[in-house]
Every structure is written in structure tokens, then in C-alpha cells.
Amino acid sequence: MTALSAADDAGSVPRRDSGDMDLERFRVELGGYCYRMLGSAFEMEDAVQETLVRAWRSLDRFDEARGPLRSWLYTIATNICLDMLRSAQRRARAMDLGPSAQAGPDLGVPLPQSMWLEPIPDGRILPAGGDPAELTARRETIRLAFVAALQHLPPRQRAVLILRDVLSWKADEVARLLGCTVASVTSALQRARATLKTIEIAPAEPVQPVDQAQRRLLARYCEAFERYDVETLVSLLHEDATMSMPPFSWWLRGRAEIRRALLAAGRPCEGARLVPTVANGSPAFGQYRPSGPDGHFQPFALMVVELSGGLITETTTYLDAERMFPLFDLPATPVAAVP
């Protein structure tokens, strides 16, 4: 087995040299860039791995006089993402696919995985440590709503906006990366910003592990969810809260409509257990449901929760537990109920 094939099998790229030529140190930041471009945790992993493998293969030809290693890697990553997006349809949330529904038993037909914006663990795309204020700003740019809004942009405009407004690259740096003029970059950025202004992105608070008020709200929500205490659950929702359940395009808006749906559902989540995690800068939970007479718990869904003003404004429940639980390193069974 060659060093390169070993790298492919292990999911990492061997280090050609120490110091500046260590490609692996760029994996997380490249992941953040590719995820915002592609809207899929799994496609992001493919794009980053392909970027590092291509760079490793070509490292002997890398000319530092033409630009730093980081810029070269972003050029490779951008080209890979643009290639992947040529034949792909826009990934979306349920709210992007049609108007809100009314509470009822019919969720419709599940849509293909390729249509959905997928959640991602913060640790895959955000650096560990660093300045807390900068990390909070980074979390804003990986929120589901923001990444979904990015998917409305043509791929090259998307790349320009991410590089300029999210990663703070200079216009001439982006022009060199894309092989175009500064004027073209400026024009693309103006068009991208104008498009984003037409898309409603509701405010939300990023996850704050040390925020006691946020912790109390989430604890109350978990307790009510596990007891299937509908009245308490609803009392913790914002009046215009939304609820969606990919892969179904069905979604609800409003405390009253969500209450009707929960009361009509036949208490399917009674006795569930929630295990906390973090997704897209927001609190999230692995949801487990009791299965069979022995009471064993089975993975059921990943639920991403958004908060604002001391209330829950949005829940997105991804029913694809088979793919989501390994991605978030969630256990096969819950160790204990969330307090």
C-alpha cells in the first residue's frame, strides 16, 4: 500500500514535511468553506479530502512565490466545489420549498437526501479555542438559515461572498483565486449581497454553554419533551416558531399550529430520551425512542433547536438517524436522560 492510498483509507493526508507544508492543519477551515458552499456535511468531507489529496500529489510543484499555501488550497477547494455544484440542485430547508402546512397526519412523500440542507457538527468546521467573539461570529455564518440562504446564490457568487464577507479575504486575493478581475469580484459581491437582502433570515442566539438562562430553557424543553408535556412544550415556543421534519417538505408555523400537531400525533415521543450535541452553531439533540417490550432505546432523529429572546424559535428534526448519529458521534443508546 502506498502512502497516498493509506491516506485515502484513513481519511487523512500524510505530512510531506513539518511546519508550513503540513496540509492537515487546514482541514477544519477548508471544511467550513466547503460546507457553506455545498450545504452538505458528507459532500463537504468529500470535497476537503479531494482538495488535500490533490494538493499532496502536486506539492512538489507548489511555488510559494506565486502565493501562500493557504490560498493555493482554497483555489483547489473552490474548483472542486464549483465542479460538484455544476449538476447539483439547490439544497434547501422545508421553508424554501413551499408554504407552511396545517396540522394533520399526512406528512406527504419523503424527498431525496440530495434536496436537503444537512446539519453539521461545529467541531468539523470551526476551530477549537480562539477569540470568543470571533467564534460567535463564525457560528452565525454556519446557521442553517444562513447556509440555506447561501444556496440561493449562483456558485461563483456564493464563493465570492463567503470569501469576502465571511472569511474577510481582500478583493484582489479573491480575484487571483478565481482568475478574474477585481471589478468582476466587486460586481459579483454586490449582486450576492442584494440577493441575500431579499431572503428572510430570522435572528437566533448561538449555543452558549455558560449561559445559565439558555441552559435552563433547554433543560425545561428536554424534560417536557421526554414527558410529552405538550402544554409546557408550547409555552416555551415563540409565537411564530417553526417546526419541520426532513425528509418531508411538510412544516408548520406558529405556536397554535404546532400545539394542534403535537396533540393530534398520538404521543409518539412519550418516554423519549435526548442526548445533547451542537449543530450549526445551535443546540441540538440526538432523539431516542423506546422500542419493543424490553424498553430499549433506538436512535430516531437529530433535532436542531434555535433560540431567541428566551424562547425556542425553530426546531428541525432530521429523521435520518442512520447517517446523522455517526456524523455527530452520538451513542447507539442513551446513557441517561438529559437533566
# chains A, B, ... in the order shown; residues from 1 in each chain; ligands from 1
>>> residues_around(residues="range 71-82 of chain A", least_positions_apart="2", cutoff="8 Å", atoms="only C-alpha atoms", output="list of chain:residue names")
A:Leu30, A:Cys34, A:Met37, A:Leu38, A:Ala47, A:Val48, A:Glu50, A:Thr51, A:Leu52, A:Arg54, A:Ala55, A:Gly67, A:Pro68, A:Leu69, A:Met84, A:Leu85, A:Arg86, A:Pro155, A:Arg156, A:Ala159, A:Leu177, A:Leu178
>>> write_last_selection(atoms="N, CA, C and O atoms", output="compact mmCIF listing (two decimals), in the first residue's frame")
# COMPACT_ATOMS: atom_id res chain seq x y z
N LEU A 30 -10.92 24.61 5.77
CA LEU A 30 -11.40 24.24 4.44
C LEU A 30 -12.79 23.60 4.54
O LEU A 30 -13.65 23.82 3.68
N CYS A 34 -16.05 24.75 2.44
CA CYS A 34 -16.75 23.82 1.55
C CYS A 34 -18.17 23.54 2.03
O CYS A 34 -19.08 23.37 1.21
N MET A 37 -20.35 26.32 0.95
CA MET A 37 -20.55 26.22 -0.50
C MET A 37 -21.56 25.14 -0.86
O MET A 37 -22.43 25.34 -1.72
N LEU A 38 -21.47 23.97 -0.22
CA LEU A 38 -22.20 22.80 -0.66
C LEU A 38 -23.47 22.50 0.13
O LEU A 38 -24.39 21.84 -0.37
N ALA A 47 -15.21 16.86 -0.52
CA ALA A 47 -14.51 17.97 -1.17
C ALA A 47 -13.19 18.28 -0.47
O ALA A 47 -12.17 18.53 -1.12
N VAL A 48 -13.19 18.30 0.86
CA VAL A 48 -11.97 18.59 1.60
C VAL A 48 -10.93 17.50 1.39
O VAL A 48 -9.75 17.78 1.16
N GLU A 50 -10.65 15.49 -1.15
CA GLU A 50 -10.14 15.59 -2.53
C GLU A 50 -9.18 16.77 -2.66
O GLU A 50 -8.16 16.68 -3.35
N THR A 51 -9.48 17.87 -1.98
CA THR A 51 -8.58 19.04 -2.01
C THR A 51 -7.21 18.67 -1.46
O THR A 51 -6.17 18.97 -2.08
N LEU A 52 -7.18 18.02 -0.31
CA LEU A 52 -5.90 17.69 0.32
C LEU A 52 -5.13 16.64 -0.46
O LEU A 52 -3.90 16.70 -0.55
N ARG A 54 -5.33 16.13 -3.78
CA ARG A 54 -4.78 16.79 -4.98
C ARG A 54 -3.58 17.65 -4.62
O ARG A 54 -2.57 17.68 -5.35
N ALA A 55 -3.68 18.37 -3.50
CA ALA A 55 -2.56 19.21 -3.09
C ALA A 55 -1.35 18.36 -2.75
O ALA A 55 -0.21 18.71 -3.11
N GLY A 67 2.18 32.68 -4.40
CA GLY A 67 1.15 32.87 -3.38
C GLY A 67 1.33 31.89 -2.25
O GLY A 67 1.99 30.86 -2.39
N PRO A 68 0.72 32.16 -1.09
CA PRO A 68 0.87 31.28 0.07
C PRO A 68 0.15 29.95 -0.12
O PRO A 68 -0.77 29.82 -0.93
N LEU A 69 0.55 28.98 0.68
CA LEU A 69 -0.04 27.64 0.61
C LEU A 69 -1.54 27.69 0.87
O LEU A 69 -2.32 27.00 0.19
N MET A 84 -18.57 20.23 -8.35
CA MET A 84 -19.63 19.46 -7.70
C MET A 84 -20.98 20.13 -7.85
O MET A 84 -22.03 19.47 -7.89
N LEU A 85 -20.99 21.45 -7.93
CA LEU A 85 -22.26 22.20 -7.99
C LEU A 85 -22.81 22.34 -9.40
O LEU A 85 -23.94 22.80 -9.58
N ARG A 86 -22.02 21.95 -10.41
CA ARG A 86 -22.48 22.15 -11.80
C ARG A 86 -23.76 21.39 -12.09
O ARG A 86 -24.65 21.89 -12.79
N PRO A 155 -23.11 29.58 -7.92
CA PRO A 155 -21.91 29.10 -7.22
C PRO A 155 -20.75 30.09 -7.15
O PRO A 155 -20.12 30.22 -6.09
N ARG A 156 -20.45 30.80 -8.22
CA ARG A 156 -19.32 31.73 -8.16
C ARG A 156 -19.63 32.93 -7.27
O ARG A 156 -18.77 33.40 -6.53
N ALA A 159 -19.15 31.71 -3.76
CA ALA A 159 -17.74 31.67 -3.37
C ALA A 159 -17.22 33.07 -3.04
O ALA A 159 -16.52 33.27 -2.04
N LEU A 177 -7.68 34.10 -6.92
CA LEU A 177 -8.18 32.75 -6.72
C LEU A 177 -9.10 32.32 -7.86
O LEU A 177 -9.01 31.19 -8.35
N LEU A 178 -10.00 33.21 -8.27
CA LEU A 178 -10.99 32.87 -9.28
C LEU A 178 -10.50 33.12 -10.70
O LEU A 178 -11.19 32.78 -11.67
>>> residues_around(residues="Gly295 in chain A", least_positions_apart="3", cutoff="12 Å", atoms="only C-alpha atoms", output="list of chain:residue names")
A:Gly271, A:Ala272, A:Arg273, A:Tyr288, A:Arg289, A:Pro290, A:Ser291, A:Gly292, A:Gln298, A:Thr333
>>> closest_residue(among="A:Leu274, A:Ile142, A:Ala65, A:Leu237", to="Ala256 in chain A", atoms="only C-alpha atoms")
A:Leu237
>>> select_by_dssp(residues="range 199-337 of chain A", states="strand (DSSP E)", output="ChimeraX atom specification")
/A:237-244,251-253,273-279,282-291,296-308,311-318
>>> residues_around(residues="Arg124 in chain A", least_positions_apart="4", cutoff="12 Å", atoms="only C-alpha atoms", output="list in words")
Phe26, Arg27, Val28, Glu29, Leu30, Gly31, Gly32, Tyr33, Cys34, Tyr35, Ala41, Phe42, Met44, Glu45, Val48, Pro119, Ile120, Ala128, Ile142, Val278, Ala279, Asn280, Gly281, Leu327, Phe328 and Asp329 of chain A
>>> write_last_selection(atoms="C-alpha atoms", output="JSON list (two decimals), in the first residue's frame")
[["chain", "number", "residue", "atom", "x", "y", "z"],
["A", 26, "PHE", "CA", -6.05, 23.38, 7.03],
["A", 27, "ARG", "CA", -8.71, 20.65, 7.17],
["A", 28, "VAL", "CA", -11.14, 22.38, 9.56],
["A", 29, "GLU", "CA", -11.11, 25.81, 7.89],
["A", 30, "LEU", "CA", -11.40, 24.24, 4.44],
["A", 31, "GLY", "CA", -14.33, 22.26, 5.84],
["A", 32, "GLY", "CA", -16.08, 25.45, 6.88],
["A", 33, "TYR", "CA", -15.62, 26.94, 3.43],
["A", 34, "CYS", "CA", -16.75, 23.82, 1.55],
["A", 35, "TYR", "CA", -19.74, 23.28, 3.83],
["A", 41, "ALA", "CA", -21.69, 17.61, 5.67],
["A", 42, "PHE", "CA", -20.99, 14.50, 3.62],
["A", 44, "MET", "CA", -18.03, 18.70, 2.40],
["A", 45, "GLU", "CA", -15.95, 15.77, 3.66],
["A", 48, "VAL", "CA", -11.97, 18.59, 1.60],
["A", 119, "PRO", "CA", -26.62, 19.81, 9.57],
["A", 120, "ILE", "CA", -23.01, 19.54, 10.65],
["A", 128, "ALA", "CA", -11.16, 24.92, 18.64],
["A", 142, "ILE", "CA", -22.99, 28.31, 9.76],
["A", 278, "VAL", "CA", -24.22, 21.02, 18.86],
["A", 279, "ALA", "CA", -25.06, 21.56, 15.19],
["A", 280, "ASN", "CA", -24.56, 24.62, 13.02],
["A", 281, "GLY", "CA", -23.79, 26.83, 15.98],
["A", 327, "LEU", "CA", -21.70, 12.04, 11.98],
["A", 328, "PHE", "CA", -22.34, 13.60, 15.40],
["A", 329, "ASP", "CA", -20.63, 10.78, 17.35]]
>>> closest_residue(among="A:Ile199, A:Leu135, A:Leu330, A:Leu263", to="Ala284 in chain A", atoms="only C-alpha atoms")
A:Leu330
>>> closest_residue(among="A:Ala171, A:Leu319, A:Leu161, A:Leu144", to="Ile201 in chain A", atoms="only C-alpha atoms")
A:Leu144
>>> residues_around(residues="Leu262 in chain A", least_positions_apart="5", cutoff="12 Å", atoms="only C-alpha atoms", output="PyMOL selection string")
chain A and resi 102-105+225+228-234+243+252+255-257+267-270
>>> write_last_selection(atoms="C-alpha atoms", output="CSV table (one decimal), in the first residue's frame")
chain,number,residue,atom,x,y,z
A,102,GLN,CA,-51.7,22.7,8.6
A,103,ALA,CA,-51.5,20.2,11.4
A,104,GLY,CA,-52.6,16.7,10.3
A,105,PRO,CA,-51.5,13.1,9.9
A,225,PHE,CA,-40.3,16.6,25.6
A,228,TYR,CA,-44.6,14.6,26.2
A,229,ASP,CA,-45.9,17.6,28.2
A,230,VAL,CA,-47.4,19.4,25.3
A,231,GLU,CA,-48.6,22.5,27.2
A,232,THR,CA,-45.2,23.1,28.7
A,233,LEU,CA,-43.5,22.5,25.3
A,234,VAL,CA,-45.8,25.0,23.6
A,243,MET,CA,-41.2,23.1,13.1
A,252,LEU,CA,-45.6,24.3,10.5
A,255,ARG,CA,-47.4,28.1,18.4
A,256,ALA,CA,-51.1,27.2,17.9
A,257,GLU,CA,-50.5,25.1,14.8
A,267,ARG,CA,-47.9,10.9,21.9
A,268,PRO,CA,-45.2,9.3,19.7
A,269,CYS,CA,-42.3,10.8,21.7
A,270,GLU,CA,-43.6,10.0,25.1
>>> residues_around(residues="Asp320 in chain A", least_positions_apart="6", cutoff="9 Å", atoms="only C-alpha atoms", output="MDAnalysis selection string")
chainID A and resid 246:247 300:302
>>> atom_distance(atom1="CA of Leu117 in chain A", atom2="CA of Cys222 in chain A")
24.7 Å
>>> residues_around(residues="Thr136 in chain A", least_positions_apart="2", cutoff="10 Å", atoms="only C-alpha atoms", output="MDAnalysis selection string")
chainID A and resid 131:134 138:141 205:208 281
